[in-house]
$ cat model_0.txt   # compact mmCIF, C-alpha atoms and all ligand atoms
# COMPACT_ATOMS: atom_id res chain seq x y z
CA MET A 84 -26.70 -22.43 -23.35
CA ALA A 85 -26.73 -23.57 -26.96
CA GLN A 86 -25.83 -27.17 -27.61
CA GLY A 87 -22.23 -27.77 -28.53
CA GLN A 88 -21.19 -24.42 -27.11
CA GLN A 89 -18.09 -24.93 -25.02
CA LYS A 90 -18.15 -23.86 -21.41
CA ALA A 91 -15.90 -20.79 -21.23
CA ARG A 92 -12.72 -21.24 -19.24
CA ALA A 93 -12.63 -19.17 -16.07
CA VAL A 94 -10.51 -16.04 -16.01
CA GLU A 95 -6.99 -16.88 -14.82
CA VAL A 96 -5.21 -13.54 -14.82
CA THR A 97 -6.64 -10.12 -14.05
CA ILE A 98 -4.69 -6.98 -14.87
CA VAL A 99 -5.71 -4.04 -12.69
CA VAL A 100 -4.92 -0.52 -13.89
CA PRO A 101 -5.86 2.70 -12.05
CA LEU A 102 -6.35 5.63 -14.39
CA TYR A 103 -6.47 9.31 -13.62
CA ASN A 104 -6.27 11.57 -16.66
CA GLU A 105 -4.55 9.06 -18.91
CA GLU A 106 -6.61 9.60 -22.11
CA GLU A 107 -3.57 9.57 -24.39
CA SER A 108 -1.83 6.53 -22.89
CA LEU A 109 -4.88 4.31 -22.48
CA PRO A 110 -5.47 3.14 -26.09
CA LEU A 111 -1.80 2.22 -26.52
CA LEU A 112 -1.74 0.49 -23.15
CA VAL A 113 -4.78 -1.67 -23.91
CA GLU A 114 -3.38 -2.55 -27.33
CA ARG A 115 -0.01 -3.62 -25.88
CA VAL A 116 -1.47 -5.54 -22.95
CA ALA A 117 -3.89 -7.35 -25.26
CA ALA A 118 -1.08 -8.30 -27.66
CA VAL A 119 1.06 -9.71 -24.83
CA MET A 120 -1.75 -11.53 -23.08
CA ARG A 121 -3.13 -13.11 -26.27
CA ARG A 122 0.31 -14.57 -26.88
CA SER A 123 0.59 -15.80 -23.27
CA GLY A 124 -2.20 -18.37 -23.55
CA TYR A 125 -3.83 -17.36 -20.27
CA VAL A 126 -7.52 -16.53 -20.04
CA TRP A 127 -7.29 -12.91 -18.97
CA GLU A 128 -9.21 -9.76 -18.26
CA MET A 129 -8.11 -6.18 -17.75
CA VAL A 130 -9.95 -4.22 -15.07
CA CYS A 131 -9.45 -0.55 -15.94
CA VAL A 132 -10.52 1.79 -13.15
CA ASP A 133 -11.23 5.37 -14.13
CA ASP A 134 -10.50 7.28 -10.93
CA GLY A 135 -12.80 10.23 -11.64
CA SER A 136 -10.66 11.60 -14.47
CA ARG A 137 -11.28 15.17 -15.64
CA ASP A 138 -10.16 14.48 -19.20
CA GLN A 139 -11.64 12.04 -21.73
CA THR A 140 -10.30 8.89 -20.01
CA ALA A 141 -13.81 7.60 -19.18
CA ALA A 142 -15.06 8.05 -22.75
CA VAL A 143 -11.94 6.50 -24.23
CA LEU A 144 -12.27 3.58 -21.81
CA ALA A 145 -15.92 3.00 -22.71
CA LYS A 146 -15.03 2.90 -26.40
CA LEU A 147 -12.15 0.47 -25.84
CA ALA A 148 -14.32 -1.81 -23.69
CA LYS A 149 -16.80 -2.10 -26.57
CA VAL A 150 -14.20 -3.43 -28.98
CA THR A 151 -12.04 -5.39 -26.53
CA PRO A 152 -14.14 -7.97 -24.66
CA GLU A 153 -11.40 -8.57 -22.08
CA VAL A 154 -11.52 -4.96 -20.88
CA GLN A 155 -13.77 -4.53 -17.84
CA PRO A 156 -14.30 -0.82 -17.18
CA LEU A 157 -15.05 0.62 -13.74
CA TYR A 158 -15.83 4.27 -13.22
CA LEU A 159 -15.41 5.82 -9.77
CA MET A 160 -17.80 8.68 -8.99
CA ARG A 161 -14.95 11.03 -8.16
CA ASN A 162 -11.18 11.04 -7.80
CA TYR A 163 -10.56 8.81 -4.79
CA GLY A 164 -6.84 8.27 -5.30
CA GLN A 165 -4.71 5.45 -6.60
CA SER A 166 -5.18 3.14 -3.59
CA ALA A 167 -8.97 3.24 -3.68
CA ALA A 168 -8.93 2.79 -7.44
CA MET A 169 -6.72 -0.28 -7.08
CA GLN A 170 -8.90 -1.66 -4.29
CA ALA A 171 -11.93 -1.29 -6.58
CA GLY A 172 -10.01 -3.25 -9.20
CA PHE A 173 -9.11 -5.99 -6.69
CA ASP A 174 -12.73 -6.22 -5.55
CA HIS A 175 -13.79 -6.93 -9.14
CA ALA A 176 -10.87 -9.13 -10.19
CA ARG A 177 -11.88 -12.68 -11.11
CA GLY A 178 -8.48 -14.17 -11.88
CA GLN A 179 -6.48 -16.20 -9.39
CA LEU A 180 -3.45 -14.11 -10.32
CA VAL A 181 -3.71 -10.33 -10.23
CA VAL A 182 -1.24 -8.09 -12.05
CA THR A 183 -1.08 -4.40 -11.20
CA MET A 184 0.46 -1.74 -13.39
CA ASP A 185 0.28 2.00 -14.00
CA GLY A 186 -1.83 3.41 -16.79
CA ASP A 187 0.83 5.76 -18.07
CA LEU A 188 2.98 3.23 -19.98
CA GLN A 189 5.89 3.70 -17.56
CA ASN A 190 5.61 -0.02 -16.90
CA ASP A 191 6.12 -2.32 -19.87
CA PRO A 192 3.36 -4.87 -20.65
CA GLU A 193 6.06 -7.08 -22.20
CA ASP A 194 7.25 -7.85 -18.65
CA ILE A 195 3.94 -9.44 -17.60
CA PRO A 196 4.67 -13.00 -18.85
CA ALA A 197 7.97 -13.11 -16.94
CA LEU A 198 6.22 -11.99 -13.75
CA LEU A 199 3.54 -14.65 -14.19
CA ALA A 200 6.14 -17.33 -14.84
CA LYS A 201 8.05 -16.24 -11.74
CA ILE A 202 5.04 -16.45 -9.42
CA GLU A 203 4.10 -19.87 -10.78
CA GLU A 204 7.58 -21.34 -10.44
CA SER A 205 8.56 -19.71 -7.14
CA GLY A 206 5.27 -20.38 -5.37
CA ALA A 207 5.53 -16.86 -3.90
CA ASP A 208 2.45 -14.83 -2.95
CA VAL A 209 3.80 -11.66 -4.57
CA VAL A 210 6.31 -10.99 -7.33
CA SER A 211 7.37 -7.37 -7.20
CA GLY A 212 8.90 -5.52 -10.14
CA TRP A 213 12.26 -3.85 -9.67
CA ARG A 214 12.86 -0.84 -11.92
CA LYS A 215 16.62 -1.29 -12.00
CA HIS A 216 16.99 1.49 -14.54
CA ARG A 217 14.33 3.82 -13.31
CA LYS A 218 13.41 6.74 -15.57
CA ASP A 219 12.16 9.26 -13.01
CA ASN A 220 13.74 12.32 -11.43
CA ALA A 221 16.80 11.20 -9.43
CA ILE A 222 16.49 13.74 -6.63
CA THR A 223 12.75 14.09 -6.12
CA SER A 224 11.69 10.50 -6.83
CA ASN A 225 14.54 8.01 -6.77
CA LEU A 226 16.41 9.23 -3.69
CA PRO A 227 13.43 9.45 -1.30
CA SER A 228 12.21 6.07 -2.48
CA ARG A 229 15.63 4.49 -1.79
CA ILE A 230 15.47 5.82 1.76
CA ALA A 231 11.91 4.53 2.10
CA ASN A 232 12.93 1.08 0.82
CA ARG A 233 15.70 0.87 3.42
CA LEU A 234 13.38 1.93 6.26
CA ILE A 235 10.75 -0.59 5.22
CA ALA A 236 13.42 -3.28 5.13
CA ARG A 237 14.40 -2.39 8.71
CA ILE A 238 10.81 -2.38 9.93
CA THR A 239 9.31 -5.37 8.17
CA GLY A 240 12.36 -7.40 7.22
CA LEU A 241 11.25 -7.22 3.58
CA GLN A 242 14.41 -6.66 1.52
CA LEU A 243 13.17 -5.14 -1.72
CA HIS A 244 15.10 -2.79 -3.97
CA ASP A 245 12.01 -1.08 -5.28
CA LEU A 246 8.81 -1.15 -3.32
CA GLY A 247 7.27 1.68 -5.33
CA CYS A 248 7.15 -0.14 -8.66
CA SER A 249 3.50 -0.62 -9.59
CA LEU A 250 4.16 -3.60 -11.83
CA LYS A 251 3.57 -6.61 -9.61
CA VAL A 252 1.66 -9.85 -9.54
CA TYR A 253 -0.29 -11.15 -6.57
CA ARG A 254 -2.15 -14.28 -5.67
CA ARG A 255 -5.81 -13.44 -5.25
CA ALA A 256 -6.08 -15.26 -1.92
CA LEU A 257 -3.60 -12.78 -0.45
CA LEU A 258 -5.44 -9.73 -1.77
CA ASP A 259 -8.68 -11.03 -0.28
CA ASP A 260 -7.10 -10.67 3.17
CA LEU A 261 -5.80 -7.14 2.57
CA ARG A 262 -7.52 -3.78 2.44
CA ILE A 263 -5.63 -0.90 0.90
CA TYR A 264 -6.43 2.34 2.72
CA GLY A 265 -5.00 5.84 2.35
CA GLU A 266 -2.05 5.63 -0.01
CA LEU A 267 -0.85 2.24 1.13
CA HIS A 268 -0.84 0.94 -2.46
CA ARG A 269 2.88 1.75 -2.38
CA PHE A 270 3.38 -0.68 0.46
CA ILE A 271 1.23 -3.68 -0.40
CA PRO A 272 4.20 -6.10 -0.29
CA ALA A 273 5.22 -4.67 3.08
CA VAL A 274 1.69 -5.06 4.43
CA ALA A 275 1.57 -8.53 2.89
CA THR A 276 4.84 -9.40 4.65
CA GLN A 277 3.19 -8.43 7.92
CA PHE A 278 0.61 -11.07 7.07
CA GLY A 279 3.40 -13.59 6.54
CA ALA A 280 3.32 -13.59 2.73
CA LYS A 281 6.33 -14.62 0.65
CA VAL A 282 7.52 -11.81 -1.63
CA VAL A 283 10.14 -12.11 -4.37
CA GLU A 284 11.56 -9.60 -6.79
CA LEU A 285 12.06 -9.54 -10.55
CA GLU A 286 13.82 -6.95 -12.69
CA VAL A 287 11.50 -5.08 -15.04
CA ARG A 288 11.83 -2.34 -17.61
CA HIS A 289 10.80 1.24 -16.98
CA HIS A 290 10.09 4.11 -19.32
CA ALA A 291 9.82 7.85 -18.93
CA ARG A 292 6.28 9.19 -19.03
CA GLN A 293 5.34 9.86 -22.66
CA PHE A 294 1.94 11.52 -22.25
CA GLY A 295 0.27 13.52 -19.50
CA VAL A 296 1.88 14.44 -16.17
CA SER A 297 2.71 12.68 -12.90
CA LYS A 298 -0.10 12.90 -10.36
CA TYR A 299 2.25 13.31 -7.43
CA GLY A 300 4.38 16.25 -6.36
CA LEU A 301 7.12 16.88 -3.84
CA ASP A 302 4.84 16.38 -0.84
CA LYS A 303 4.70 12.70 -1.76
CA SER A 304 7.86 12.12 0.32
CA ILE A 305 6.21 13.55 3.43
CA ARG A 306 3.18 11.34 2.97
CA VAL A 307 5.43 8.33 2.44
CA ALA A 308 7.27 9.16 5.69
CA LEU A 309 3.97 9.29 7.61
CA ASP A 310 2.87 6.02 6.03
CA ILE A 311 6.10 4.39 7.18
CA ILE A 312 5.32 5.45 10.75
CA GLN A 313 1.89 3.94 10.29
CA LEU A 314 3.40 0.67 9.03
CA TYR A 315 5.79 0.58 11.97
CA PHE A 316 2.94 1.05 14.42
CA PHE A 317 0.78 -1.59 12.73
CA GLN A 318 3.69 -4.02 12.54
CA LYS A 319 4.50 -3.84 16.21
CA PHE A 320 1.56 -2.54 18.17
CA ILE A 321 -1.74 -3.11 16.40
CA HIS A 322 -2.61 -5.85 18.90
CA ARG A 323 -1.19 -4.05 21.93
CA PRO A 324 -1.43 -0.25 21.59
CA LEU A 325 -1.16 0.15 25.37
CA HIS A 326 2.40 -1.10 25.17
CA PHE A 327 3.23 1.77 22.82
CA PHE A 328 1.35 4.63 24.45
CA GLY A 329 1.67 3.22 27.95
CA TYR A 330 5.45 2.96 27.63
CA ALA A 331 5.70 6.56 26.46
CA GLY A 332 3.27 7.58 29.22
CA LEU A 333 5.31 5.89 31.94
CA LEU A 334 8.48 7.51 30.59
CA MET A 335 6.85 10.83 31.48
CA LEU A 336 4.88 9.90 34.57
CA VAL A 337 7.74 8.33 36.50
CA PRO A 338 10.21 11.24 36.27
CA GLY A 339 7.33 13.70 36.73
CA GLY A 340 6.21 11.90 39.86
CA LEU A 341 9.75 11.73 41.27
CA MET A 342 10.22 15.45 40.70
CA LEU A 343 6.98 16.19 42.49
CA VAL A 344 7.95 14.04 45.48
CA TYR A 345 11.31 15.81 45.61
CA LEU A 346 9.66 19.23 45.53
CA LEU A 347 7.17 18.15 48.18
CA GLY A 348 10.10 17.13 50.40
CA LEU A 349 11.67 20.55 49.94
CA LYS A 350 8.38 22.22 50.73
CA LEU A 351 8.04 20.20 53.95
CA LEU A 352 11.55 21.27 54.90
CA GLY A 353 10.36 24.85 54.60
CA PHE A 354 11.77 25.83 51.19
CA ASP A 355 9.75 27.91 48.76
CA ILE A 356 9.02 25.86 45.62
CA GLY A 357 6.50 28.19 43.95
CA GLY A 358 9.01 29.73 41.56
CA ARG A 359 10.87 26.56 40.53
CA PRO A 360 10.77 25.63 36.85
CA MET A 361 10.92 22.02 37.98
CA LEU A 362 7.40 22.35 39.33
CA LEU A 363 6.10 23.29 35.89
CA ALA A 364 8.09 20.46 34.30
CA ALA A 365 6.72 17.92 36.79
CA ILE A 366 3.12 19.00 36.18
CA MET A 367 3.59 18.91 32.41
CA LEU A 368 5.15 15.46 32.51
CA ILE A 369 2.41 14.07 34.70
CA LEU A 370 -0.36 15.54 32.54
CA LEU A 371 1.21 14.23 29.35
CA GLY A 372 1.88 10.85 30.90
CA VAL A 373 -1.72 10.44 32.03
CA GLN A 374 -2.96 11.45 28.58
CA LEU A 375 -0.71 8.97 26.84
CA LEU A 376 -1.79 6.18 29.17
CA GLY A 377 -5.41 7.11 28.48
CA MET A 378 -4.74 6.96 24.73
CA GLY A 379 -3.26 3.52 25.20
CA VAL A 380 -6.38 2.32 26.99
CA LEU A 381 -8.57 3.82 24.24
CA GLY A 382 -6.32 2.13 21.70
CA GLU A 383 -6.93 -1.21 23.40
CA MET A 384 -10.67 -0.66 23.04
CA LEU A 385 -10.28 0.34 19.38
CA THR A 386 -8.18 -2.67 18.54
CA ARG A 387 -10.99 -4.88 19.80
CA ILE A 388 -13.53 -2.93 17.74
CA TYR A 389 -11.16 -3.18 14.76
CA HIS A 390 -11.04 -6.94 14.93
CA GLU A 391 -14.37 -8.15 16.19
CA PRO A 392 -17.27 -6.75 14.13
CA GLN A 393 -15.69 -7.95 10.88
CA GLY A 394 -14.80 -11.32 12.34
CA ARG A 395 -11.22 -10.27 11.62
CA LYS A 396 -8.74 -12.46 13.46
CA GLN A 397 -5.38 -11.44 14.84
CA TYR A 398 -3.83 -14.07 12.62
CA VAL A 399 -4.19 -15.29 9.05
CA LEU A 400 -4.18 -18.99 8.23
CA ARG A 401 -2.17 -20.24 5.30
CA ARG A 402 -4.40 -21.52 2.51
CA ARG A 403 -3.21 -24.86 1.20
N1 LIG B 501 -3.63 7.44 -10.42
C1 LIG B 501 -4.96 7.25 -10.06
N2 LIG B 501 -5.54 8.14 -9.20
C2 LIG B 501 -4.85 9.20 -8.68
C3 LIG B 501 -3.49 9.36 -9.03
C4 LIG B 501 -2.91 8.46 -9.89
O1 LIG B 501 -5.62 6.31 -10.51
O2 LIG B 501 -5.44 9.96 -7.92
C5 LIG B 501 -3.00 6.51 -11.37
C6 LIG B 501 -2.35 7.16 -12.57
O3 LIG B 501 -3.28 7.39 -13.62
C7 LIG B 501 -1.30 6.14 -12.95
C8 LIG B 501 -0.88 5.56 -11.61
O4 LIG B 501 -1.95 5.86 -10.71
O5 LIG B 501 -1.86 5.10 -13.75
C9 LIG B 501 0.43 6.13 -11.10
O6 LIG B 501 0.38 7.54 -11.12
P1 LIG B 501 1.58 8.44 -11.67
O7 LIG B 501 2.11 7.86 -12.93
O8 LIG B 501 1.11 9.85 -11.72
O9 LIG B 501 2.66 8.29 -10.51
P2 LIG B 501 4.25 8.33 -10.67
O10 LIG B 501 4.63 7.30 -11.70
O11 LIG B 501 4.58 9.71 -11.12
O12 LIG B 501 4.74 8.01 -9.29
MG MG B 502 3.87 7.13 -13.59
$ encode --input "model_0.txt" --output "structure tokens" --more "lines below"
Ligand code: UDP
Ligand code: MG
Amino acid sequence: MAQGQQKARAVEVTIVVPLYNEEESLPLLVERVAAVMRRSGYVWEMVCVDDGSRDQTAAVLAKLAKVTPEVQPLYLMRNYGQSAAMQAGFDHARGQLVVTMDGDLQNDPEDIPALLAKIEESGADVVSGWRKHRKDNAITSNLPSRIANRLIARITGLQLHDLGCSLKVYRRALLDDLRIYGELHRFIPAVATQFGAKVVELEVRHHARQFGVSKYGLDKSIRVALDIIQLYFFQKFIHRPLHFFGYAGLLMLVPGGLMLVYLLGLKLLGFDIGGRPMLLAAIMLILLGVQLLGMGVLGEMLTRIYHEPQGRKQYVLRRR
């Protein structure tokens, strides 16, 4: 290193943006984020993840990265989905604080400083944006997401108005403990709560999409519903799947067994039981019950495999 050259300060804030077909929004987004972050005084970087876009997003990103040193481009080989793109961004983030936002300008970069201030002063692990005046379709987007927010609150105890807002800031240490699979990017604060993280909320602005189209359709609600079931299972039973499947199995086995004993008694008394629907019901219940119990035992094996090879513990220690 040349004499007199100052040692560069380490990156403090990383902004992670997943991009799928956002060629028109991207230049404006980078310009606005750069303007806000330069004013903020933080040392920052912006990890832009091209999620296998079919338009010119990758080319636009490469050009922007050349003229904006803070922009770190990543290009996924194909379209993996928003969660994988965000995970790629997290894996490459160097800052101790990680901001996530959408690449379509629906989130407002002007809100970033307030989020950063909030996480610093509150000491929380996550500050989650709340789009109080959300500019999406009321029936297909806002209503299902309100229901989802309520359900998540019931399951995890996390009382957020707006889980689905992408604009959030996380402490890196927390993200290092999480892995975002499937489409769980919508539920990172809920997953984080399951790890014992402290999550707070801050009102942010929201804009209607100016360019391009939404990447999600009506089936999003169905996928969200399935993901909520997944969260419920992980919250309660990841360490004891036999209690889930075994309970359900016993609920079938016990009545099935009782019915069979009853029918056997009748048979011994000389009655004909061959034509009784109850016989079919008893056999079905017993078969199902045995299968569920077996699944529970397999689940117990899997939960050990899930934890042990990675040295993953059943608990997470607080970093001081
Ligand atoms: N996105 C992505 N990969 C995908 C789908 C979406 O990286 O397969 C990005 C997209 O470019 C945007 C963000 O995820 O930056 C949110 O997507 P979108 O705006 O379509 O979702 P909506 O706001 O309609 O829920
Ligand atoms: Mg959007």
$ residues_near_ligand --input "model_0.txt" --ligand "ligand MG 502 (chain B)" --cutoff "6 Å" --atoms "only C-alpha atoms and all ligand atoms" --output "JSON, numbers by chain"
{"A": [187, 189, 297]}
$ axis_aligned_box --input "model_0.txt" --around "ligand LIG 501 (chain B)" --padding-each-side "8 Å" --output "JSON"
{"center_x": -0.4, "center_y": 7.5, "center_z": -10.8, "size_x": 26.4, "size_y": 20.9, "size_z": 21.8}
$ residues_near_ligand --input "model_0.txt" --ligand "ligand LIG 501 (chain B)" --cutoff "8 Å" --atoms "only C-alpha atoms and all ligand atoms" --output "PyMOL selection string"
chain A and resi 100-105+132-135+162-166+168-169+184-187+189+219+224+247+249+292+296-299
$ closest_residue --input "model_0.txt" --among "A:Lys303, A:His216, A:Arg254, A:Lys281" --to "Ser228 of chain A" --atoms "all atoms listed in the file"
A:Lys303
$ atom_distance --input "model_0.txt" --atom1 "atom CA of Glu107 of chain A" --atom2 "atom CA of Thr140 of chain A"
8.1 Å
$ closest_residue --input "model_0.txt" --among "A:Lys215, A:Lys319, A:Arg359, A:Lys251" --to "Leu347 of chain A" --atoms "all atoms listed in the file"
A:Arg359
$ residues_near_point --input "model_0.txt" --point "(10.9, -10.8, -21.5)" --cutoff "12 Å" --atoms "all atoms listed in the file" --output "ChimeraX atom specification"
/A:119,123,191-201,285-288
$ write_last_selection --input "model_0.txt" --atoms "C-alpha atoms" --output "short mmCIF file (atom, residue, chain, number, x, y, z; two decimals), in the coordinates of the input"
data_model
loop_
_atom_site.label_atom_id
_atom_site.label_comp_id
_atom_site.auth_asym_id
_atom_site.auth_seq_id
_atom_site.Cartn_x
_atom_site.Cartn_y
_atom_site.Cartn_z
CA VAL A 119 1.06 -9.71 -24.83
CA SER A 123 0.59 -15.80 -23.27
CA ASP A 191 6.12 -2.32 -19.87
CA PRO A 192 3.36 -4.87 -20.65
CA GLU A 193 6.06 -7.08 -22.20
CA ASP A 194 7.25 -7.85 -18.65
CA ILE A 195 3.94 -9.44 -17.60
CA PRO A 196 4.67 -13.00 -18.85
CA ALA A 197 7.97 -13.11 -16.94
CA LEU A 198 6.22 -11.99 -13.75
CA LEU A 199 3.54 -14.65 -14.19
CA ALA A 200 6.14 -17.33 -14.84
CA LYS A 201 8.05 -16.24 -11.74
CA LEU A 285 12.06 -9.54 -10.55
CA GLU A 286 13.82 -6.95 -12.69
CA VAL A 287 11.50 -5.08 -15.04
CA ARG A 288 11.83 -2.34 -17.61
#
$ closest_residue --input "model_0.txt" --among "A:Gly372, A:Gly379, A:Pro272, A:Gly357" --to "Leu314 of chain A" --atoms "all atoms listed in the file"
A:Pro272
$ residues_around --input "model_0.txt" --residues "Thr151 of chain A" --least-positions-apart "3" --cutoff "12 Å" --atoms "all atoms listed in the file" --output "JSON, numbers by chain"
{"A": [110, 113, 114, 116, 117, 118, 121, 127, 128, 129, 130, 131, 144, 145, 146, 147, 148, 154, 155, 156]}
$ write_last_selection --input "model_0.txt" --atoms "C-alpha atoms" --output "PDB file, in the coordinates of the input"
ATOM      1  CA  PRO A 110      -5.470   3.140 -26.090  1.00  0.00           C
ATOM      2  CA  VAL A 113      -4.780  -1.670 -23.910  1.00  0.00           C
ATOM      3  CA  GLU A 114      -3.380  -2.550 -27.330  1.00  0.00           C
ATOM      4  CA  VAL A 116      -1.470  -5.540 -22.950  1.00  0.00           C
ATOM      5  CA  ALA A 117      -3.890  -7.350 -25.260  1.00  0.00           C
ATOM      6  CA  ALA A 118      -1.080  -8.300 -27.660  1.00  0.00           C
ATOM      7  CA  ARG A 121      -3.130 -13.110 -26.270  1.00  0.00           C
ATOM      8  CA  TRP A 127      -7.290 -12.910 -18.970  1.00  0.00           C
ATOM      9  CA  GLU A 128      -9.210  -9.760 -18.260  1.00  0.00           C
ATOM     10  CA  MET A 129      -8.110  -6.180 -17.750  1.00  0.00           C
ATOM     11  CA  VAL A 130      -9.950  -4.220 -15.070  1.00  0.00           C
ATOM     12  CA  CYS A 131      -9.450  -0.550 -15.940  1.00  0.00           C
ATOM     13  CA  LEU A 144     -12.270   3.580 -21.810  1.00  0.00           C
ATOM     14  CA  ALA A 145     -15.920   3.000 -22.710  1.00  0.00           C
ATOM     15  CA  LYS A 146     -15.030   2.900 -26.400  1.00  0.00           C
ATOM     16  CA  LEU A 147     -12.150   0.470 -25.840  1.00  0.00           C
ATOM     17  CA  ALA A 148     -14.320  -1.810 -23.690  1.00  0.00           C
ATOM     18  CA  VAL A 154     -11.520  -4.960 -20.880  1.00  0.00           C
ATOM     19  CA  GLN A 155     -13.770  -4.530 -17.840  1.00  0.00           C
ATOM     20  CA  PRO A 156     -14.300  -0.820 -17.180  1.00  0.00           C
TER      21      PRO A 156
END
$ atom_distance --input "model_0.txt" --atom1 "atom CA of Thr97 of chain A" --atom2 "atom CA of Gln179 of chain A"
7.7 Å
$ closest_residue --input "model_0.txt" --among "A:Ala331, A:Ile388, A:Leu346, A:Ile263" --to "Gln374 of chain A" --atoms "all atoms listed in the file"
A:Ala331
$ residues_near_point --input "model_0.txt" --point "(13.6, 6.8, -5.1)" --cutoff "12 Å" --atoms "only C-alpha atoms" --output "list in words"
Trp213, Arg214, Lys215, His216, Arg217, Lys218, Asp219, Asn220, Ala221, Ile222, Thr223, Ser224, Asn225, Leu226, Pro227, Ser228, Arg229, Ile230, Ala231, Asn232, Arg233, His244, Asp245, Leu246, Gly247, Cys248, Lys303, Ser304 and Val307 of chain A
$ closest_residue --input "model_0.txt" --among "A:Gly358, A:Pro338, A:Gly332, A:Gly348" --to "Met378 of chain A" --atoms "only C-alpha atoms"
A:Gly332
$ atom_distance --input "model_0.txt" --atom1 "atom CA of Val99 of chain A" --atom2 "atom CA of Asn190 of chain A"
12.7 Å
$ closest_residue --input "model_0.txt" --among "A:Leu343, A:Leu336, A:Val143, A:Leu243" --to "Glu106 of chain A" --atoms "only C-alpha atoms"
A:Val143
$ decode --input "model_0.txt" --residues "segment 372-384 of chain A" --atoms "N, CA, C and O atoms" --output "PDB file, in the first residue's frame"
ATOM      1  N   GLY A 372     -53.105 -44.512  11.358  1.00  0.00           N
ATOM      2  CA  GLY A 372     -52.442 -44.243  12.632  1.00  0.00           C
ATOM      3  C   GLY A 372     -51.025 -44.781  12.635  1.00  0.00           C
ATOM      4  O   GLY A 372     -50.076 -44.100  13.045  1.00  0.00           O
ATOM      5  N   VAL A 373     -50.860 -46.013  12.125  1.00  0.00           N
ATOM      6  CA  VAL A 373     -49.521 -46.614  12.094  1.00  0.00           C
ATOM      7  C   VAL A 373     -48.612 -45.796  11.174  1.00  0.00           C
ATOM      8  O   VAL A 373     -47.454 -45.517  11.491  1.00  0.00           O
ATOM      9  N   GLN A 374     -49.169 -45.361  10.034  1.00  0.00           N
ATOM     10  CA  GLN A 374     -48.361 -44.568   9.101  1.00  0.00           C
ATOM     11  C   GLN A 374     -47.907 -43.256   9.727  1.00  0.00           C
ATOM     12  O   GLN A 374     -46.756 -42.844   9.577  1.00  0.00           O
ATOM     13  N   LEU A 375     -48.837 -42.608  10.418  1.00  0.00           N
ATOM     14  CA  LEU A 375     -48.484 -41.323  11.034  1.00  0.00           C
ATOM     15  C   LEU A 375     -47.422 -41.507  12.108  1.00  0.00           C
ATOM     16  O   LEU A 375     -46.472 -40.728  12.190  1.00  0.00           O
ATOM     17  N   LEU A 376     -47.585 -42.564  12.914  1.00  0.00           N
ATOM     18  CA  LEU A 376     -46.562 -42.838  13.930  1.00  0.00           C
ATOM     19  C   LEU A 376     -45.211 -43.070  13.272  1.00  0.00           C
ATOM     20  O   LEU A 376     -44.177 -42.559  13.721  1.00  0.00           O
ATOM     21  N   GLY A 377     -45.226 -43.846  12.180  1.00  0.00           N
ATOM     22  CA  GLY A 377     -43.983 -44.116  11.447  1.00  0.00           C
ATOM     23  C   GLY A 377     -43.362 -42.823  10.931  1.00  0.00           C
ATOM     24  O   GLY A 377     -42.152 -42.625  11.017  1.00  0.00           O
ATOM     25  N   MET A 378     -44.198 -41.910  10.428  1.00  0.00           N
ATOM     26  CA  MET A 378     -43.683 -40.627   9.954  1.00  0.00           C
ATOM     27  C   MET A 378     -43.040 -39.847  11.089  1.00  0.00           C
ATOM     28  O   MET A 378     -42.024 -39.177  10.907  1.00  0.00           O
ATOM     29  N   GLY A 379     -43.655 -39.959  12.255  1.00  0.00           N
ATOM     30  CA  GLY A 379     -43.104 -39.263  13.419  1.00  0.00           C
ATOM     31  C   GLY A 379     -41.721 -39.790  13.761  1.00  0.00           C
ATOM     32  O   GLY A 379     -40.799 -39.016  14.045  1.00  0.00           O
ATOM     33  N   VAL A 380     -41.572 -41.124  13.700  1.00  0.00           N
ATOM     34  CA  VAL A 380     -40.271 -41.717  14.018  1.00  0.00           C
ATOM     35  C   VAL A 380     -39.245 -41.286  12.968  1.00  0.00           C
ATOM     36  O   VAL A 380     -38.115 -40.894  13.294  1.00  0.00           O
ATOM     37  N   LEU A 381     -39.666 -41.315  11.690  1.00  0.00           N
ATOM     38  CA  LEU A 381     -38.755 -40.837  10.629  1.00  0.00           C
ATOM     39  C   LEU A 381     -38.394 -39.375  10.858  1.00  0.00           C
ATOM     40  O   LEU A 381     -37.246 -38.966  10.675  1.00  0.00           O
ATOM     41  N   GLY A 382     -39.384 -38.595  11.268  1.00  0.00           N
ATOM     42  CA  GLY A 382     -39.146 -37.176  11.546  1.00  0.00           C
ATOM     43  C   GLY A 382     -38.097 -37.005  12.641  1.00  0.00           C
ATOM     44  O   GLY A 382     -37.226 -36.139  12.549  1.00  0.00           O
ATOM     45  N   GLU A 383     -38.171 -37.857  13.650  1.00  0.00           N
ATOM     46  CA  GLU A 383     -37.173 -37.780  14.736  1.00  0.00           C
ATOM     47  C   GLU A 383     -35.773 -38.042  14.192  1.00  0.00           C
ATOM     48  O   GLU A 383     -34.804 -37.390  14.587  1.00  0.00           O
ATOM     49  N   MET A 384     -35.678 -39.004  13.258  1.00  0.00           N
ATOM     50  CA  MET A 384     -34.360 -39.268  12.659  1.00  0.00           C
ATOM     51  C   MET A 384     -33.909 -38.049  11.855  1.00  0.00           C
ATOM     52  O   MET A 384     -32.757 -37.632  11.931  1.00  0.00           O
TER      53      MET A 384
END
